[in-house]
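Peer 1: Sharing entry_28.txt, compact mmCIF, C-alpha atoms:
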```txt
# COMPACT_ATOMS: atom_id res chain seq x y z
CA MET A 112 -12.78 44.58 -53.46
CA VAL A 113 -11.76 46.49 -50.33
CA ARG A 114 -15.28 47.86 -50.03
CA LYS A 115 -16.78 44.36 -50.22
CA LEU A 116 -14.40 43.05 -47.58
CA LYS A 117 -15.25 45.99 -45.34
CA LYS A 118 -18.96 45.27 -45.83
CA TRP A 119 -18.48 41.63 -44.80
CA PHE A 120 -16.03 42.02 -41.92
CA VAL A 121 -15.97 45.55 -40.47
CA PRO A 122 -18.89 47.08 -38.56
CA HIS A 123 -19.62 50.58 -39.94
CA LYS A 124 -22.52 52.84 -40.85
CA GLU A 125 -23.02 51.43 -44.36
CA ASN A 126 -23.81 47.95 -42.97
CA ASP A 127 -25.57 49.31 -39.87
CA PHE A 128 -22.63 48.13 -37.77
CA ARG A 129 -23.57 44.52 -38.60
CA PRO A 130 -20.99 42.88 -40.87
CA HIS A 131 -22.57 40.55 -43.41
CA LEU A 132 -20.42 37.70 -42.05
CA PHE A 133 -22.35 37.77 -38.76
CA ARG A 134 -25.85 38.38 -40.08
CA THR A 135 -28.44 35.68 -39.54
CA ALA A 136 -28.26 34.19 -43.05
CA SER A 137 -24.46 34.00 -43.00
CA VAL A 138 -24.30 32.52 -39.49
CA VAL A 139 -26.90 29.88 -40.39
CA GLY A 140 -24.99 29.12 -43.59
CA LEU A 141 -21.68 28.71 -41.73
CA LEU A 142 -23.27 26.50 -39.08
CA THR A 143 -24.90 24.36 -41.77
CA LEU A 144 -21.57 23.98 -43.57
CA VAL A 145 -19.77 23.07 -40.34
CA ILE A 146 -22.37 20.41 -39.48
CA ILE A 147 -22.46 18.99 -43.04
CA LEU A 148 -18.67 18.66 -43.07
CA PHE A 149 -18.81 16.90 -39.70
CA PHE A 150 -21.32 14.32 -40.90
CA ILE A 151 -19.49 13.77 -44.19
CA ALA A 152 -16.23 13.12 -42.33
CA SER A 153 -17.97 10.89 -39.76
CA SER A 154 -19.92 8.76 -42.23
CA GLY A 155 -17.35 8.84 -45.02
CA PRO A 156 -15.30 5.78 -43.95
CA SER A 157 -18.35 3.51 -43.63
CA LEU A 158 -19.71 4.69 -46.99
CA LEU A 159 -16.35 4.07 -48.63
CA ARG A 160 -16.29 0.53 -47.22
CA LYS A 161 -19.74 -0.16 -48.66
CA THR A 162 -18.62 0.99 -52.10
CA LYS A 163 -15.43 -1.13 -51.86
CA LEU A 164 -13.44 2.02 -52.61
CA THR A 165 -11.26 1.49 -49.56
CA ALA A 166 -10.11 -1.91 -50.79
CA LEU A 167 -9.35 -0.49 -54.23
CA VAL A 168 -7.70 2.80 -53.29
CA LEU A 169 -6.15 2.37 -49.83
CA PRO A 170 -3.38 -0.03 -50.91
CA ARG A 171 -2.16 2.38 -53.59
CA VAL A 172 -2.27 5.34 -51.19
CA LEU A 173 -0.32 3.47 -48.50
CA VAL A 174 2.29 2.38 -51.04
CA ASP A 175 2.79 6.02 -52.02
CA TYR A 176 3.13 7.07 -48.37
CA ALA A 177 5.74 4.35 -47.82
CA ASN A 178 7.66 5.37 -50.92
CA GLN A 179 7.55 9.04 -49.95
CA ASP A 180 9.16 8.17 -46.61
CA ARG A 181 11.76 5.99 -48.29
CA LEU A 182 12.66 8.53 -50.97
CA ALA A 183 12.94 11.26 -48.33
CA SER A 184 15.70 9.17 -46.74
CA ASN A 185 17.34 8.37 -50.09
CA TYR A 186 16.05 4.80 -50.19
CA PRO A 187 14.72 3.49 -53.51
CA GLY A 188 10.96 3.14 -53.87
CA LEU A 189 9.07 -0.15 -53.70
CA THR A 190 7.22 -1.73 -56.61
CA ILE A 191 3.73 -3.16 -56.12
CA SER A 192 3.82 -6.92 -56.56
CA PRO A 193 0.51 -8.57 -57.57
CA VAL A 194 1.77 -11.78 -55.96
CA LEU A 195 2.45 -10.04 -52.64
CA GLN A 196 -0.95 -8.36 -52.88
CA LYS A 197 -2.52 -11.80 -53.21
CA ALA A 198 -0.60 -13.06 -50.19
CA ALA A 199 -1.65 -9.99 -48.18
CA GLN A 200 -5.27 -10.53 -49.21
CA LEU A 201 -5.19 -14.13 -48.07
CA LYS A 202 -3.83 -13.05 -44.69
CA ALA A 203 -6.37 -10.21 -44.32
CA ASP A 204 -9.27 -12.51 -45.23
CA ASP A 205 -8.01 -15.14 -42.77
CA MET A 206 -7.93 -12.63 -39.90
CA VAL A 207 -11.50 -11.57 -40.68
CA ALA A 208 -12.77 -15.15 -41.03
CA LYS A 209 -11.17 -16.33 -37.78
CA GLY A 210 -11.48 -13.14 -35.75
CA TYR A 211 -7.85 -12.52 -34.82
CA PHE A 212 -5.32 -9.74 -35.27
CA ALA A 213 -1.78 -11.08 -35.10
CA HIS A 214 1.13 -12.18 -37.24
CA LYS A 215 0.49 -15.78 -36.27
CA SER A 216 -2.88 -17.41 -37.03
CA PRO A 217 -4.79 -19.55 -34.49
CA GLU A 218 -3.51 -22.63 -36.36
CA GLY A 219 0.07 -21.45 -35.85
CA HIS A 220 0.68 -20.24 -39.40
CA SER A 221 3.31 -17.50 -39.44
CA SER A 222 3.35 -14.59 -41.88
CA TRP A 223 5.61 -16.54 -44.22
CA TYR A 224 2.95 -19.21 -44.69
CA TRP A 225 1.02 -16.78 -46.91
CA PHE A 226 4.10 -16.05 -48.99
CA GLN A 227 4.43 -19.74 -49.67
CA GLN A 228 0.72 -20.14 -50.43
CA VAL A 229 1.08 -17.84 -53.44
CA GLY A 230 4.47 -19.19 -54.48
CA TYR A 231 6.46 -16.06 -53.63
CA ASP A 232 10.09 -17.17 -53.30
CA PHE A 233 11.94 -14.49 -51.41
CA VAL A 234 15.34 -13.43 -50.24
CA TYR A 235 13.84 -11.04 -47.68
CA ALA A 236 10.25 -10.77 -46.46
CA GLY A 237 8.37 -8.72 -43.85
CA GLU A 238 4.88 -7.80 -42.69
CA ASN A 239 3.06 -4.92 -40.96
CA LEU A 240 -0.57 -4.98 -39.79
CA ALA A 241 -3.18 -2.35 -38.89
CA VAL A 242 -6.82 -2.22 -37.83
CA ASN A 243 -9.29 0.34 -36.41
CA PHE A 244 -8.16 3.24 -38.56
CA ASN A 245 -10.18 6.14 -39.95
CA GLU A 246 -7.51 7.86 -41.99
CA SER A 247 -5.05 6.51 -44.54
CA SER A 248 -2.27 8.76 -43.25
CA GLU A 249 -2.96 7.54 -39.69
CA VAL A 250 -1.96 4.02 -40.70
CA ASN A 251 1.34 5.09 -42.23
CA ASP A 252 2.07 7.54 -39.40
CA ALA A 253 1.46 4.82 -36.79
CA TRP A 254 3.80 2.45 -38.59
CA MET A 255 6.45 5.15 -38.99
CA ASN A 256 6.17 6.12 -35.30
CA SER A 257 6.95 2.53 -34.34
CA PRO A 258 10.67 1.71 -34.60
CA SER A 259 9.98 -1.90 -35.59
CA HIS A 260 7.36 -1.17 -38.22
CA LYS A 261 9.40 1.73 -39.54
CA ALA A 262 12.32 -0.67 -39.91
CA ASN A 263 10.20 -2.69 -42.35
CA ILE A 264 9.11 0.34 -44.37
CA MET A 265 12.64 1.73 -44.50
CA ASN A 266 14.40 -1.58 -45.04
CA SER A 267 16.70 -1.06 -48.03
CA ARG A 268 16.75 -4.82 -48.67
CA PHE A 269 13.11 -4.83 -49.78
CA THR A 270 12.25 -4.16 -53.41
CA GLU A 271 8.54 -5.05 -53.58
CA ILE A 272 5.40 -4.39 -51.58
CA GLY A 273 1.85 -5.73 -51.50
CA ILE A 274 -1.01 -4.28 -49.44
CA ALA A 275 -4.54 -5.62 -49.03
CA THR A 276 -7.60 -4.89 -46.89
CA ALA A 277 -10.57 -6.87 -45.64
CA GLU A 278 -13.77 -5.76 -43.93
CA GLY A 279 -14.69 -7.48 -40.68
CA MET A 280 -15.41 -7.14 -36.98
CA TYR A 281 -12.79 -6.32 -34.37
CA GLN A 282 -13.53 -5.75 -30.69
CA GLY A 283 -17.22 -5.78 -31.51
CA LYS A 284 -17.06 -3.04 -34.15
CA PRO A 285 -16.98 -3.14 -37.96
CA THR A 286 -13.57 -2.14 -39.24
CA THR A 287 -10.97 -2.62 -41.96
CA PHE A 288 -7.97 -4.90 -41.51
CA VAL A 289 -4.82 -3.84 -43.37
CA VAL A 290 -1.94 -6.17 -44.25
CA GLN A 291 1.30 -4.72 -45.62
CA MET A 292 3.79 -7.26 -46.96
CA PHE A 293 7.33 -6.61 -48.14
CA GLY A 294 9.63 -8.82 -50.14
CA THR A 295 12.64 -9.21 -52.33
CA PRO A 296 11.92 -11.93 -54.92
CA ALA A 297 14.43 -14.69 -55.45
CA GLN A 298 15.69 -15.89 -58.79
CA SER A 299 15.83 -19.44 -57.51
CA LYS A 300 13.76 -21.57 -55.15
CA SER A 301 14.17 -20.63 -51.50
CA ASN A 302 15.95 -22.99 -49.17
CA ILE A 303 14.00 -22.40 -45.98
CA HIS A 304 16.32 -24.59 -43.89
CA ASN A 305 19.11 -22.06 -44.39
CA SER A 306 17.00 -18.99 -43.60
CA GLN A 307 17.87 -16.59 -40.83
CA ILE A 308 15.58 -14.32 -38.84
CA ILE A 309 16.21 -10.61 -38.74
CA SER A 310 14.28 -8.38 -36.32
CA GLY A 311 14.55 -4.73 -37.33
CA SER A 312 18.20 -4.18 -38.17
CA LEU A 313 19.49 -6.78 -35.72
CA GLN A 314 20.23 -10.37 -36.81
CA LYS A 315 19.24 -13.07 -34.36
CA SER A 316 19.98 -16.74 -34.32
CA GLY A 317 17.98 -18.77 -36.82
CA LYS A 318 15.52 -20.31 -34.36
CA THR A 319 12.76 -21.48 -36.67
CA VAL A 320 10.34 -24.36 -36.70
CA VAL A 321 10.58 -25.64 -40.26
CA ASP A 322 8.24 -27.91 -42.17
CA LYS A 323 6.98 -28.17 -45.73
CA LYS A 324 4.04 -25.81 -45.14
CA GLN A 325 5.31 -22.91 -43.11
CA VAL A 326 8.10 -21.08 -41.36
CA THR A 327 7.18 -20.19 -37.79
CA SER A 328 9.35 -17.86 -35.76
CA VAL A 329 9.72 -18.26 -32.03
CA ALA A 330 11.16 -14.76 -31.66
CA THR A 331 8.60 -12.40 -30.09
CA SER A 332 8.62 -8.87 -28.71
CA ALA A 333 6.22 -6.04 -27.89
CA ARG A 334 3.60 -5.32 -30.50
CA VAL A 335 3.23 -1.60 -31.06
CA LEU A 336 -0.26 -0.21 -30.61
CA GLY A 337 -1.66 3.29 -30.86
CA VAL A 338 -0.26 5.66 -28.27
CA GLN A 339 -3.54 5.45 -26.33
CA THR A 340 -3.34 1.68 -25.84
CA GLY A 341 -0.80 -0.74 -24.47
CA ASP A 342 -1.50 -4.35 -25.35
CA MET A 343 1.40 -6.74 -25.75
CA SER A 344 1.91 -9.38 -28.40
CA GLU A 345 4.45 -10.48 -30.97
CA SER A 346 5.84 -7.91 -33.37
CA PHE A 347 6.81 -8.36 -36.97
CA ILE A 348 9.96 -10.22 -37.91
CA VAL A 349 11.89 -10.23 -41.12
CA VAL A 350 13.11 -13.46 -42.71
CA GLU A 351 16.24 -13.69 -44.77
CA ASP A 352 16.97 -16.63 -47.08
CA ARG A 353 20.73 -16.48 -47.43
CA THR A 354 20.89 -19.06 -50.20
CA ALA A 355 18.55 -17.28 -52.62
CA VAL A 356 19.69 -14.82 -55.28
CA PRO A 357 17.82 -11.49 -55.24
CA GLN A 358 15.96 -10.36 -58.32
CA ASP A 359 16.04 -6.60 -58.71
CA SER A 360 12.65 -5.32 -59.86
CA ARG A 361 12.60 -1.85 -58.35
CA THR A 362 10.97 1.10 -60.04
CA THR A 363 9.88 4.39 -58.53
CA MET A 364 6.41 5.60 -59.42
CA GLN A 365 3.29 7.05 -57.86
CA TYR A 366 0.31 4.74 -57.64
CA SER A 367 -2.41 7.10 -56.34
CA ASN A 368 -3.56 10.63 -57.12
CA TRP A 369 -4.47 13.56 -54.88
CA ILE A 370 -8.20 12.89 -55.19
CA GLU A 371 -7.78 9.34 -53.90
CA ARG A 372 -5.62 10.52 -51.01
CA LEU A 373 -8.24 13.18 -50.20
CA LEU A 374 -11.07 10.64 -50.19
CA LEU A 375 -9.21 8.51 -47.65
CA SER A 376 -8.27 11.47 -45.45
CA PRO A 377 -11.56 12.59 -43.81
CA ARG A 378 -9.83 13.89 -40.69
CA LYS A 379 -7.44 16.00 -42.73
CA VAL A 380 -10.26 17.35 -44.90
CA LEU A 381 -12.34 18.19 -41.82
CA SER A 382 -9.39 19.79 -40.00
CA VAL A 383 -8.37 21.93 -42.99
CA SER A 384 -11.96 22.95 -43.73
CA TYR A 385 -12.58 23.89 -40.11
CA ALA A 386 -9.28 25.79 -39.99
CA ILE A 387 -10.31 27.86 -43.02
CA ILE A 388 -13.77 28.61 -41.60
CA ALA A 389 -12.32 29.41 -38.16
CA SER A 390 -9.74 31.75 -39.75
CA VAL A 391 -12.48 33.68 -41.55
CA VAL A 392 -14.49 33.94 -38.34
CA LEU A 393 -11.38 35.05 -36.42
CA VAL A 394 -10.70 37.83 -38.91
CA GLY A 395 -14.28 38.95 -38.50
CA LEU A 396 -13.96 38.73 -34.72
CA VAL A 397 -10.87 40.94 -34.69
CA CYS A 398 -12.62 43.53 -36.82
CA VAL A 399 -15.73 43.39 -34.64
CA LEU A 400 -13.72 43.70 -31.42
CA TRP A 401 -11.96 46.76 -32.77
CA ILE A 402 -15.27 48.54 -33.32
CA GLU A 403 -17.76 46.93 -30.95
CA VAL A 404 -15.68 47.33 -27.79
CA LYS A 405 -15.67 51.06 -28.40
CA ARG A 406 -19.44 51.01 -28.93
CA LYS A 407 -19.88 48.67 -25.94
CA LYS A 408 -22.11 46.34 -27.93
CA LEU A 409 -20.68 42.85 -27.79
CA TYR A 410 -23.51 40.87 -29.41
CA LEU A 411 -21.47 40.16 -32.54
CA VAL A 412 -18.50 39.11 -30.41
CA VAL A 413 -20.67 36.51 -28.71
CA VAL A 414 -21.85 35.24 -32.12
CA ALA A 415 -18.28 34.89 -33.38
CA LEU A 416 -17.05 33.16 -30.24
CA SER A 417 -20.03 30.78 -30.35
CA LEU A 418 -19.18 29.79 -33.93
CA LEU A 419 -15.57 29.10 -32.95
CA ALA A 420 -16.69 27.09 -29.91
CA ILE A 421 -18.98 24.92 -32.04
CA ILE A 422 -16.17 24.23 -34.49
CA ALA A 423 -13.80 23.29 -31.65
CA VAL A 424 -16.35 20.99 -29.97
CA LEU A 425 -17.25 19.15 -33.19
CA LEU A 426 -13.58 18.67 -34.06
CA TYR A 427 -12.91 17.29 -30.57
CA VAL A 428 -15.88 14.92 -30.77
CA TYR A 429 -14.73 13.66 -34.17
CA ARG A 430 -11.08 13.15 -33.28
CA VAL A 431 -11.31 11.97 -29.67
CA ILE A 432 -14.73 10.45 -29.01
CA LEU A 433 -16.15 9.02 -32.22
CA PHE A 434 -13.28 6.84 -33.37
CA THR A 435 -11.31 4.19 -31.53
CA PRO A 436 -7.51 4.34 -31.51
CA LEU A 437 -5.62 2.87 -34.41
CA ILE A 438 -3.94 -0.44 -33.67
CA VAL A 439 -0.91 -1.63 -35.58
CA GLY A 440 0.91 -4.91 -35.35
```
As a first step, turn the structure in this file into structure tokens.
Peer 2:
Amino acid sequence: MVRKLKKWFVPHKENDFRPHLFRTASVVGLLTLVIILFFIASSGPSLLRKTKLTALVLPRVLVDYANQDRLASNYPGLTISPVLQKAAQLKADDMVAKGYFAHKSPEGHSSWYWFQQVGYDFVYAGENLAVNFNESSEVNDAWMNSPSHKANIMNSRFTEIGIATAEGMYQGKPTTFVVQMFGTPAQSKSNIHNSQIISGSLQKSGKTVVDKKQVTSVATSARVLGVQTGDMSESFIVVEDRTAVPQDSRTTMQYSNWIERLLLSPRKVLSVSYAIIASVVLVGLVCVLWIEVKRKKLYLVVVALSLLAIIAVLLYVYRVILFTPLIVG
């Protein structure tokens, strides 16, 4: 084993002072692998959207991320509610059909309108939104890095969750809209007239416009976008119906597996793969420097540094140039 490693990494007489790692065939193979990984990661999201895998898998993955964050802080996990999923799907489809990204639709429907459309009577309800993402973990991280969105995910009052996606155009580019809805189901019909608005952990006065079709909040604040942007709009709000009786339906379980999380994490896969390849090249570079500097032949050093430079450039292009910043609302 040691002899094989020496043959691949250390310049010496037996390999003509040319480690197998830096011979033409190996260098071409590494470059090919680096480029293939780049194109897989770059085209992966669009291919997943065409196969509808994103719509099927992403909601389960995001639920698991939310529950991991909650359990880490000793909050009980959330149960997927098919009814909330339906409400989230209606909202996602509406944003795609009408070309908006906000908690309030162009017709003035608030988030709670969709809860009522599917007959979800709640004690507590909330909503998070996201668009322009390329990584499942990016969505959850963006929400968790926003105090207001994190307040929804970590709200101990919520017992159920429903997440849905819809493919559409946003800012002239094809993308996936994500709607994350939270709720605590009521045992009895909600009395909307006695509801109270809660923003984050702070209760505000119950300023609502109430009719038979919707509950529309007039409370607005800064919408949180990716750190590279700075638009302003309304943020989420949480509604509390103080007359309803909560129905406890909480269970803690995992909804996705590691393969599904890997499929929806192209950036992580690319970063880890590049880190492994770069580490191998670095080990070879150290071994080459140790010998080649003494021999004053730095050809192999140039080859190693070129490989590392190519990896760094492709990773930069992927993470900074190719994909637009994630936007959450």
Peer 1: Pick out the residues sitting within 9 Å of region 375-390 of chain A, and hand them over as a ChimeraX atom specification; count only C-alpha atoms, and ignore anything fewer than 4 positions along from it in its own chain.
Peer 2: /A:141,145,148-149,151-153,155-156,159,165,168-169,172,245-249,370-371,394-395,418-419,422-423,426,429-430
Peer 1: Could you check which of A:Ala415, A:Leu433, A:Leu182, A:Ala236 is closest to Val391 (chain A), using all atoms listed in the file?
Peer 2: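 Answer, going by the shortest atom-to-atom distance: A:Ala415.
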Peer 1: Excluding same-chain residues fewer than 3 positions from Pro193 (chain A), what lies within 8 Å of it counting all atoms listed in the file, as a list in words?
Peer 2: Gln196, Lys197 and Gly273 of chain A
Peer 1: Please, what distance in Å, to one decimal, runs between CA of Tyr211 (chain A) and CA of Ser192 (chain A)?
Peer 2: 25.3 Å
Peer 1: Hey, which of A:Asn239, A:Ser157, A:Phe244, A:Ala199 ends up closest to Tyr224 (chain A)? Count only C-alpha atoms.
Peer 2: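 The closest residue to Tyr224 (chain A) is A:Ala199.
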Peer 1: For a quick check of understanding, using all atoms listed in the file, which of A:Val439, A:Thr287, A:Leu158, A:Ala277 has the smallest distance to Glu238 (chain A)?
Peer 2: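 Under the stated criterion, the closest residue is A:Val439.
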Peer 1: Have a look at A:Val250, A:Ala203, A:Leu240, A:Ile146 and name the one nearest to Thr276 (chain A); count all atoms listed in the file.
Peer 2: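 Closest residue, counting all atoms listed in the file: A:Ala203.
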Peer 1: Given 6 Å of margin on each side, can you work out the centre and size in Å (one decimal) of an axis-aligned box holding every listed atom of region 170-177 of chain A, as JSON?
Peer 2:
```
{"center_x": 1.2, "center_y": 3.5, "center_z": -50.7, "size_x": 21.1, "size_y": 19.1, "size_z": 17.8}
```
Peer 1: To one decimal place, how far is CA of Leu195 (chain A) from CA of Asn368 (chain A) in Å?
Peer 2: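 Separation of CA of Leu195 (chain A) and CA of Asn368 (chain A): 22.0 Å.
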Peer 1: Kindly give the distance, in Å, that separates CA of Ser367 (chain A) and CA of Met255 (chain A), rounded to a single decimal.
Peer 2: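 The value is 19.6 Å.
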Peer 1: Between A:Trp225, A:Tyr366, A:Tyr281, A:Trp254, which is the closest to Val207 (chain A) once you count all atoms listed in the file?
Peer 2: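 For Val207 (chain A), the nearest of the candidates is A:Tyr281.
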Peer 1: Compare A:Gly210, A:Gly140, A:Pro296, A:Pro170 by their minimum atom-to-atom distance to Glu271 (chain A), counting all atoms listed in the file, and give me the closest one.
Peer 2: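 Distance minimum relative to Glu271 (chain A) lands on A:Pro296.
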